[in-house]
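Peer 1: For reference, the file target_20.cif (mmCIF, C-alpha atoms (C1' of nucleotides)) is included below:
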```cif
data_run
loop_
_atom_site.label_atom_id
_atom_site.label_comp_id
_atom_site.auth_asym_id
_atom_site.auth_seq_id
_atom_site.Cartn_x
_atom_site.Cartn_y
_atom_site.Cartn_z
CA MET A 64 -23.59 -5.99 -10.01
CA PRO A 65 -22.79 -7.11 -6.47
CA ALA A 66 -26.04 -8.82 -5.71
CA ASN A 67 -27.53 -8.63 -2.28
CA LEU A 68 -25.54 -10.88 -0.01
CA ASP A 69 -26.94 -12.73 2.94
CA GLU A 70 -25.14 -14.04 5.99
CA ILE A 71 -24.20 -17.25 4.26
CA ASP A 72 -22.73 -15.35 1.35
CA HIS A 73 -20.52 -13.33 3.71
CA HIS A 74 -19.44 -16.48 5.42
CA LEU A 75 -18.67 -18.23 2.15
CA LEU A 76 -16.74 -15.26 0.80
CA ASP A 77 -14.71 -15.12 4.00
CA LEU A 78 -13.87 -18.79 3.68
CA LEU A 79 -13.01 -18.54 -0.01
CA GLN A 80 -10.74 -15.58 0.56
CA GLN A 81 -8.93 -17.51 3.27
CA ASP A 82 -8.60 -20.75 1.33
CA SER A 83 -10.25 -21.58 -1.94
CA GLY A 84 -8.89 -25.12 -1.94
CA ARG A 85 -11.83 -26.58 -0.06
CA THR A 86 -14.35 -28.80 -1.76
CA LEU A 87 -17.98 -27.86 -2.19
CA ALA A 88 -18.87 -30.48 0.40
CA GLU A 89 -16.48 -29.02 2.98
CA LEU A 90 -17.77 -25.52 2.33
CA GLY A 91 -21.30 -26.83 2.64
CA ASP A 92 -20.53 -28.30 6.06
CA LEU A 93 -18.98 -25.04 7.22
CA VAL A 94 -21.86 -22.82 6.19
CA GLY A 95 -24.70 -25.27 6.63
CA LEU A 96 -25.69 -25.84 3.02
CA SER A 97 -25.67 -28.68 0.56
CA PRO A 98 -22.80 -28.88 -1.94
CA SER A 99 -25.20 -28.00 -4.74
CA ALA A 100 -26.35 -24.84 -3.03
CA VAL A 101 -22.74 -23.84 -2.37
CA GLN A 102 -21.86 -24.44 -5.98
CA ARG A 103 -24.67 -22.20 -7.17
CA ARG A 104 -23.55 -19.38 -4.91
CA VAL A 105 -19.89 -19.66 -5.82
CA GLU A 106 -20.78 -19.64 -9.49
CA ARG A 107 -22.83 -16.51 -8.88
CA TYR A 108 -19.83 -14.75 -7.31
CA ARG A 109 -17.74 -15.52 -10.34
CA ALA A 110 -20.39 -14.58 -12.88
CA SER A 111 -21.05 -11.24 -11.16
CA GLY A 112 -17.34 -10.41 -11.10
CA LEU A 113 -17.26 -10.20 -7.33
CA VAL A 114 -14.76 -13.06 -7.31
CA ARG A 115 -12.26 -12.37 -10.05
CA ARG A 116 -10.10 -15.47 -9.94
CA GLU A 117 -8.25 -17.91 -7.77
CA VAL A 118 -4.53 -17.63 -7.32
CA ALA A 119 -1.73 -19.49 -5.59
CA VAL A 120 -0.05 -17.46 -2.85
CA VAL A 121 3.73 -17.76 -2.81
CA ASP A 122 5.58 -17.25 0.47
CA PRO A 123 6.45 -13.53 0.44
CA SER A 124 9.58 -14.10 2.49
CA ALA A 125 10.98 -15.67 -0.67
CA ALA A 126 11.13 -12.16 -2.10
CA LEU A 127 12.40 -8.67 -1.38
CA LEU A 128 9.45 -6.33 -1.07
CA ALA A 129 9.61 -2.55 -1.23
CA VAL A 130 6.92 0.09 -0.85
CA CYS A 131 7.55 3.17 -2.97
CA LEU A 132 5.78 6.54 -2.76
CA VAL A 133 5.65 8.30 -6.10
CA THR A 134 4.90 11.93 -6.94
CA LEU A 135 4.26 13.00 -10.53
CA ASP A 136 5.14 16.28 -12.17
CA HIS A 137 1.93 17.70 -13.54
CA GLU A 138 -1.00 15.53 -12.54
CA SER A 139 -2.62 15.70 -15.97
CA PRO A 140 -4.75 12.75 -17.02
CA GLU A 141 -2.38 12.03 -19.90
CA GLU A 142 0.58 11.96 -17.57
CA HIS A 143 -1.22 9.59 -15.25
CA ALA A 144 -2.11 7.29 -18.13
CA ARG A 145 1.47 7.20 -19.43
CA PHE A 146 2.85 6.59 -15.98
CA ARG A 147 0.48 3.72 -15.31
CA GLU A 148 1.13 2.05 -18.62
CA TRP A 149 4.87 2.29 -18.10
CA VAL A 150 4.82 0.96 -14.56
CA LEU A 151 2.30 -1.80 -15.24
CA ALA A 152 4.56 -3.21 -17.92
CA ALA A 153 6.87 -4.48 -15.17
CA PRO A 154 5.86 -7.82 -13.65
CA GLU A 155 7.77 -6.88 -10.49
CA VAL A 156 5.11 -4.26 -9.77
CA GLN A 157 3.04 -6.34 -7.42
CA GLN A 158 0.65 -3.56 -6.46
CA LEU A 159 -0.07 -0.11 -7.82
CA TYR A 160 -2.42 2.32 -6.12
CA ASN A 161 -3.41 5.82 -7.11
CA VAL A 162 -3.79 7.59 -3.78
CA SER A 163 -4.94 10.84 -2.25
CA GLY A 164 -2.61 13.22 -0.42
CA ASP A 165 0.90 14.48 -1.08
CA HIS A 166 1.88 11.49 -3.17
CA ASP A 167 0.20 10.25 -6.29
CA TYR A 168 0.99 6.54 -6.29
CA VAL A 169 1.97 3.77 -3.95
CA VAL A 170 3.97 1.07 -5.71
CA VAL A 171 4.84 -2.26 -4.16
CA LEU A 172 7.81 -3.90 -5.84
CA ALA A 173 8.56 -7.59 -5.43
CA THR A 174 12.00 -8.74 -6.50
CA THR A 175 14.35 -11.62 -5.89
CA GLY A 176 16.88 -9.51 -3.99
CA MET A 177 18.72 -6.21 -3.85
CA PRO A 178 20.46 -6.48 -7.23
CA HIS A 179 17.17 -7.22 -8.89
CA HIS A 180 15.48 -4.43 -6.96
CA ARG A 181 18.05 -1.86 -8.03
CA ARG A 182 17.64 -2.80 -11.66
CA VAL A 183 13.85 -2.61 -11.45
CA ALA A 184 13.82 0.64 -9.48
CA ASP A 185 16.13 2.24 -12.03
CA ARG A 186 14.41 0.93 -15.11
CA VAL A 187 10.80 1.23 -13.95
CA LEU A 188 10.57 4.05 -11.43
CA LYS A 189 13.53 6.33 -11.90
CA SER A 190 12.92 6.62 -15.62
CA ALA A 191 9.12 6.61 -15.46
CA PRO A 192 7.41 9.29 -17.59
CA GLY A 193 6.22 12.28 -15.60
CA LEU A 194 7.99 11.28 -12.40
CA ARG A 195 8.98 14.08 -10.06
CA ARG A 196 10.37 12.01 -7.22
CA TYR A 197 9.91 8.83 -5.28
CA SER A 198 11.01 7.35 -1.99
CA THR A 199 11.50 3.72 -1.06
CA MET A 200 10.68 1.83 2.11
CA PHE A 201 12.14 -1.66 2.18
CA VAL A 202 10.03 -4.30 3.79
CA LEU A 203 11.89 -5.75 6.76
CA ASP A 204 9.09 -8.14 7.67
CA PRO A 205 5.91 -8.88 5.71
CA VAL A 206 3.87 -9.43 8.85
CA ARG A 207 0.63 -9.96 6.94
CA THR A 208 0.07 -10.16 3.20
CA SER A 209 -3.34 -10.77 1.73
CA LEU A 210 -5.89 -9.40 -0.68
CA THR A 211 -8.75 -10.07 1.69
CA VAL A 212 -11.58 -7.60 1.49
CA PRO A 213 -14.48 -7.36 3.94
CA THR A 214 -17.84 -7.92 2.30
CA ARG A 215 -19.63 -6.28 5.21
CA ASP A 216 -18.87 -4.27 8.36
CA ALA A 217 -17.46 -6.22 11.27
CA MET B 117 13.59 -25.31 1.97
CA PRO B 118 13.03 -23.74 -1.41
CA ALA B 119 14.29 -26.58 -3.57
CA ASN B 120 16.21 -25.79 -6.70
CA LEU B 121 13.77 -24.67 -9.33
CA ASP B 122 14.20 -25.32 -13.02
CA GLU B 123 12.68 -23.43 -15.92
CA ILE B 124 9.50 -25.44 -15.78
CA ASP B 125 9.09 -24.69 -12.09
CA HIS B 126 9.38 -20.97 -12.73
CA HIS B 127 6.88 -21.22 -15.52
CA LEU B 128 4.46 -23.23 -13.40
CA LEU B 129 4.76 -20.85 -10.46
CA ASP B 130 4.09 -17.90 -12.75
CA LEU B 131 0.98 -19.58 -14.08
CA LEU B 132 -0.27 -20.60 -10.64
CA GLN B 133 0.19 -17.10 -9.27
CA GLN B 134 -1.80 -15.71 -12.18
CA ASP B 135 -4.59 -18.25 -12.01
CA SER B 136 -4.65 -21.42 -9.97
CA GLY B 137 -8.01 -22.46 -11.40
CA ARG B 138 -6.50 -24.36 -14.29
CA THR B 139 -6.53 -28.12 -14.35
CA LEU B 140 -3.40 -30.22 -14.17
CA ALA B 141 -3.95 -31.15 -17.80
CA GLU B 142 -4.13 -27.50 -18.88
CA LEU B 143 -1.00 -26.68 -16.90
CA GLY B 144 0.69 -29.68 -18.45
CA ASP B 145 -0.08 -28.43 -21.93
CA LEU B 146 1.24 -24.97 -21.09
CA VAL B 147 4.55 -26.15 -19.67
CA GLY B 148 5.02 -29.29 -21.74
CA LEU B 149 4.54 -31.91 -19.07
CA SER B 150 2.04 -34.66 -18.30
CA PRO B 151 -0.67 -33.96 -15.73
CA SER B 152 0.96 -36.35 -13.26
CA ALA B 153 4.30 -34.62 -13.53
CA VAL B 154 2.62 -31.26 -12.97
CA GLN B 155 0.74 -32.60 -9.98
CA ARG B 156 3.96 -33.84 -8.39
CA ARG B 157 5.62 -30.46 -8.79
CA VAL B 158 2.65 -28.53 -7.47
CA GLU B 159 2.49 -30.82 -4.47
CA ARG B 160 6.17 -30.19 -3.87
CA TYR B 161 5.59 -26.42 -3.82
CA ARG B 162 2.94 -26.86 -1.19
CA ALA B 163 4.92 -29.29 0.93
CA SER B 164 7.99 -27.04 0.91
CA GLY B 165 5.94 -24.03 1.94
CA LEU B 166 6.83 -22.10 -1.20
CA VAL B 167 3.14 -22.06 -2.08
CA ARG B 168 1.20 -21.27 1.06
CA ARG B 169 -2.37 -21.64 -0.13
CA GLU B 170 -4.85 -20.83 -2.81
CA VAL B 171 -7.30 -18.00 -2.33
CA ALA B 172 -10.23 -16.43 -4.14
CA VAL B 173 -9.54 -12.84 -5.18
CA VAL B 174 -12.45 -10.49 -4.56
CA ASP B 175 -12.79 -7.42 -6.75
CA PRO B 176 -10.96 -4.70 -4.78
CA SER B 177 -13.21 -1.99 -6.17
CA ALA B 178 -15.88 -3.49 -3.93
CA ALA B 179 -13.94 -2.03 -0.98
CA LEU B 180 -12.41 1.18 0.29
CA LEU B 181 -8.66 0.74 0.54
CA ALA B 182 -6.31 2.96 2.51
CA VAL B 183 -2.55 2.90 2.90
CA CYS B 184 -1.39 4.11 6.31
CA LEU B 185 2.14 5.00 7.38
CA VAL B 186 2.73 4.35 11.06
CA THR B 187 5.50 5.54 13.34
CA LEU B 188 5.94 4.03 16.79
CA ASP B 189 7.17 5.73 19.94
CA HIS B 190 10.14 3.78 21.15
CA GLU B 191 11.03 1.07 18.68
CA SER B 192 11.63 -1.51 21.37
CA PRO B 193 11.05 -5.15 20.44
CA GLU B 194 8.28 -5.36 23.02
CA GLU B 195 6.53 -2.35 21.58
CA HIS B 196 6.73 -3.80 18.11
CA ALA B 197 5.30 -7.10 19.31
CA ARG B 198 2.41 -5.42 21.10
CA PHE B 199 1.66 -3.21 18.14
CA ARG B 200 1.63 -6.13 15.73
CA GLU B 201 -0.59 -8.25 17.91
CA TRP B 202 -3.03 -5.37 18.32
CA VAL B 203 -3.19 -4.52 14.64
CA LEU B 204 -3.30 -8.09 13.43
CA ALA B 205 -6.41 -8.71 15.48
CA ALA B 206 -8.38 -6.63 12.99
CA PRO B 207 -9.54 -8.49 9.89
CA GLU B 208 -9.69 -5.18 8.02
CA VAL B 209 -5.89 -5.06 8.11
CA GLN B 210 -5.28 -6.52 4.70
CA GLN B 211 -1.55 -6.03 4.73
CA LEU B 212 0.99 -5.14 7.40
CA TYR B 213 4.63 -4.46 6.64
CA ASN B 214 7.48 -3.55 8.94
CA VAL B 215 9.58 -1.20 6.85
CA SER B 216 12.87 0.67 6.87
CA GLY B 217 13.09 4.46 6.91
CA ASP B 218 11.26 7.18 8.76
CA HIS B 219 8.15 5.12 9.31
CA ASP B 220 7.93 1.78 11.05
CA TYR B 221 4.91 0.15 9.44
CA VAL B 222 2.85 0.31 6.32
CA VAL B 223 -0.72 -0.78 6.94
CA VAL B 224 -3.25 -1.42 4.20
CA LEU B 225 -6.82 -1.20 5.46
CA ALA B 226 -9.71 -2.67 3.50
CA THR B 227 -13.17 -1.56 4.57
CA THR B 228 -16.66 -1.39 3.15
CA GLY B 229 -16.71 2.40 3.01
CA MET B 230 -15.84 5.58 4.83
CA PRO B 231 -17.96 4.99 7.94
CA HIS B 232 -16.39 1.59 8.37
CA HIS B 233 -12.95 3.02 7.69
CA ARG B 234 -13.31 5.69 10.34
CA ARG B 235 -14.36 3.16 12.92
CA VAL B 236 -11.45 0.87 12.10
CA ALA B 237 -8.90 3.68 11.94
CA ASP B 238 -10.03 4.91 15.36
CA ARG B 239 -10.25 1.55 17.02
CA VAL B 240 -7.22 -0.12 15.45
CA LEU B 241 -4.69 2.57 14.58
CA LYS B 242 -5.42 5.65 16.66
CA SER B 243 -5.51 3.63 19.86
CA ALA B 244 -2.75 1.20 18.98
CA PRO B 245 -0.16 0.60 21.72
CA GLY B 246 3.07 2.49 21.20
CA LEU B 247 1.76 4.60 18.35
CA ARG B 248 3.34 8.01 17.87
CA ARG B 249 1.53 9.08 14.73
CA TYR B 250 0.15 7.87 11.46
CA SER B 251 -0.95 9.28 8.15
CA THR B 252 -3.52 7.94 5.72
CA MET B 253 -3.54 7.81 1.94
CA PHE B 254 -6.89 6.78 0.53
CA VAL B 255 -6.78 4.61 -2.55
CA LEU B 256 -8.50 6.43 -5.41
CA ASP B 257 -7.87 3.62 -7.89
CA PRO B 258 -6.44 0.16 -7.18
CA VAL B 259 -4.70 -0.01 -10.54
CA ARG B 260 -3.08 -3.37 -9.80
CA THR B 261 -3.54 -5.61 -6.81
CA SER B 262 -1.78 -8.93 -6.52
CA LEU B 263 0.51 -10.96 -4.31
CA THR B 264 2.62 -12.11 -7.21
CA VAL B 265 6.26 -12.65 -6.41
CA PRO B 266 9.01 -13.31 -8.96
CA THR B 267 10.74 -16.64 -8.45
CA ARG B 268 13.71 -15.49 -10.53
CA ASP B 269 15.11 -12.34 -12.13
CA ALA B 270 13.37 -11.18 -15.27
"C1'" DT C 87 15.00 -39.63 -9.56
"C1'" DC C 88 11.92 -38.14 -12.75
"C1'" DT C 89 8.63 -39.14 -16.32
"C1'" DG C 90 4.21 -40.82 -18.49
"C1'" DA C 91 0.18 -43.78 -18.43
"C1'" DA C 92 -3.59 -46.25 -16.45
"C1'" DA C 93 -6.57 -47.57 -12.66
"C1'" DG C 94 -9.20 -46.09 -8.74
"C1'" DT C 95 -11.21 -42.37 -6.06
"C1'" DT C 96 -13.08 -37.90 -5.30
"C1'" DT C 97 -15.11 -33.76 -6.85
"C1'" DT C 98 -17.64 -31.13 -9.74
"C1'" DC C 99 -21.34 -30.25 -12.89
"C1'" DA C 100 -26.11 -30.41 -14.78
"C1'" DT C 101 -30.59 -31.67 -14.27
"C1'" DC C 102 -34.02 -33.27 -11.57
"C1'" DC C 103 -37.35 -32.60 -7.48
"C1'" DG D 19 -32.45 -25.22 -1.38
"C1'" DG D 20 -31.55 -30.50 -1.90
"C1'" DA D 21 -30.53 -34.87 -4.40
"C1'" DT D 22 -28.92 -37.73 -8.07
"C1'" DG D 23 -26.18 -39.50 -11.99
"C1'" DA D 24 -22.73 -38.32 -15.49
"C1'" DA D 25 -18.56 -36.10 -16.54
"C1'" DA D 26 -14.38 -34.38 -15.20
"C1'" DA D 27 -10.61 -33.87 -12.22
"C1'" DC D 28 -7.49 -35.52 -8.93
"C1'" DT D 29 -4.68 -39.19 -6.59
"C1'" DT D 30 -2.24 -43.31 -6.55
"C1'" DT D 31 0.33 -46.86 -8.44
"C1'" DC D 32 3.43 -48.88 -11.61
"C1'" DA D 33 6.84 -49.50 -15.15
"C1'" DG D 34 10.42 -47.33 -18.03
"C1'" DA D 35 14.25 -44.14 -18.91
#
```
Show this structure as structure tokens.

Peer 2:
Amino acid sequence: MPANLDEIDHHLLDLLQQDSGRTLAELGDLVGLSPSAVQRRVERYRASGLVRREVAVVDPSAALLAVCLVTLDHESPEEHARFREWVLAAPEVQQLYNVSGDHDYVVVLATTGMPHHRRVADRVLKSAPGLRRYSTMFVLDPVRTSLTVPTRDA
Amino acid sequence: MPANLDEIDHHLLDLLQQDSGRTLAELGDLVGLSPSAVQRRVERYRASGLVRREVAVVDPSAALLAVCLVTLDHESPEEHARFREWVLAAPEVQQLYNVSGDHDYVVVLATTGMPHHRRVADRVLKSAPGLRRYSTMFVLDPVRTSLTVPTRDA
DNA sequence: TCTGAAAGTTTTCATCC
DNA sequence: GGATGAAAACTTTCAGA
């Protein structure tokens, strides 16, 4: 699915992950291609599923973020499925990762403030199916937030 | 800075955080406003800094993600500043959070695979200034990845 | 002050080479 | 990969509520 990418593709994907608001002409200038050629490549990224969508990034300091480490009871596939479904139902779950190690999931909660966070933590995590325990780290400073992914080694 | 937001603003911001690829006309239909009115509001979000930018989201399964918990030695402001500067220099640091609790930072690393990860972990984390220790949780499944932030309580 | 509509400009899209 | 014309989107302006 992820077609072979050349240097220009890596450059374009870097640029698009930084700021997708640029025009095809601007992108063309930056990577040394015509707007048409850029358009073809960008369309290819979308069609292949490499680029999923474009989103607006809201200032994270407008929110209270918390990173929670979750451990489940039994680790059975059914338990995992139920837990995921339950947690994903909450829009405040900004990120959900199944991870290796002592914990099973890392959950990033984004809320409007502490009252909101307490409600969400109680309703979503504390009463989640299969939950053994969880701990919460509040984000004091979101130094960097992004979804940027390298398309090749540095 | 964050102007008072009405119901339509919340709705618009939800939509834009989900998918900013829609046209002003489409957004207008969804929130019940004319394209011009939508454009004015969107421009206001940008000007106020509430919306930072628009980015292309690359399929996270194209990468190896790891969540690292970092503890520093002394906790002095200077140590924090040096650590941040050092870590932020690496483009593979997708997210960096200063957090409360036993650990000082949560670092999300995005790499192209295990060889790349090892190099980055060695170069960026293991030799970071002021580092006492860190642990790594590899992401087995990025169930949900987003930067979505609620602009009001649910 | 905010809205909606229309004119003018830019960008994107599709087809050509 | 580049270039062109058509379609679509965006930006600006203006008048009304």

Peer 1: Counting only C-alpha atoms (C1' of nucleotides), what are the residues of chain C within 10 Å of chain A, and for each of them which pair of atoms is the nearest and at what distance in Å, to one decimal? Sort the table by chain and rising number, as JSON lines.

Peer 2:
```
{"residue": "C:DT96", "atom": "C1'", "partner": "A:Thr86", "partner_atom": "CA", "distance": 9.8}
{"residue": "C:DT97", "atom": "C1'", "partner": "A:Thr86", "partner_atom": "CA", "distance": 7.1}
{"residue": "C:DT98", "atom": "C1'", "partner": "A:Leu87", "partner_atom": "CA", "distance": 8.2}
{"residue": "C:DC99", "atom": "C1'", "partner": "A:Gln102", "partner_atom": "CA", "distance": 9.0}
```

Peer 1: Closest to chain B among A:Arg196, A:Arg215, A:Arg103, A:Arg145, using all atoms listed in the file?

Peer 2: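 Under the stated criterion, the closest residue is A:Arg215.
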
Peer 1: Care to translate the PyMOL selection byres ((chain B) within 8 of (chain A)) into actual residues of this file, as a PyMOL selection string?

Peer 2: chain B and resi 132-137+165-176+178-179+200+204+207-208+210-217+226-228+232+253-269

Peer 1: For the PyMOL selection byres ((chain D) within 10 of (chain B)), applied here, can you spell out every residue it catches as a list of chain:residue names?

Peer 2: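 With the shown file as input, the PyMOL selection byres ((chain D) within 10 of (chain B)) matches D:DA27, D:DC28, D:DT29.
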
Peer 1: On this structure, the PyMOL selection byres ((chain C and resi 100) around 10) would catch which residues? List them as a list of chain:residue names, sorted by chain and number.

Peer 2: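 Applying the PyMOL selection byres ((chain C and resi 100) around 10) to the structure shown produces C:DT98, C:DC99, C:DT101, C:DC102, D:DG23, D:DA24, D:DA25.
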
Peer 1: Please indicate the distance in Å from atom CA of Leu247 of chain B to atom CA of Arg234 of chain B, rounded to one decimal place.

Peer 2: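 Distance reported for this atom pair: 17.1 Å.
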
Peer 1: One decimal, in Å: what's the spacing between atom CA of Leu188 of chain A and atom CA of Phe146 of chain A?

Peer 2: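 Between atom CA of Leu188 of chain A and atom CA of Phe146 of chain A the gap is 9.3 Å.
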
Peer 1: What's the separation between atom CA of His74 of chain A and atom CA of Asp92 of chain A, in Å to one decimal place?

Peer 2: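 If I compute the distance from atom CA of His74 of chain A to atom CA of Asp92 of chain A, I get 11.9 Å.
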
Peer 1: So, with all atoms listed in the file as the atoms that count, which of B:Leu143, B:Leu121, B:Cys184, B:Ala197 lies closest to Gly246 of chain B?

Peer 2: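 Checking each candidate against Gly246 of chain B, we get B:Ala197 as the closest.
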
Peer 1: When you look at DG19 of chain D with a cut-off of 10 Å (counting only C-alpha atoms (C1' of nucleotides)), what residues show up, excluding the ones that are within fewer than 6 positions of it in the same chain? I need them as a ChimeraX atom specification.

Peer 2: /A:96-97,99-101
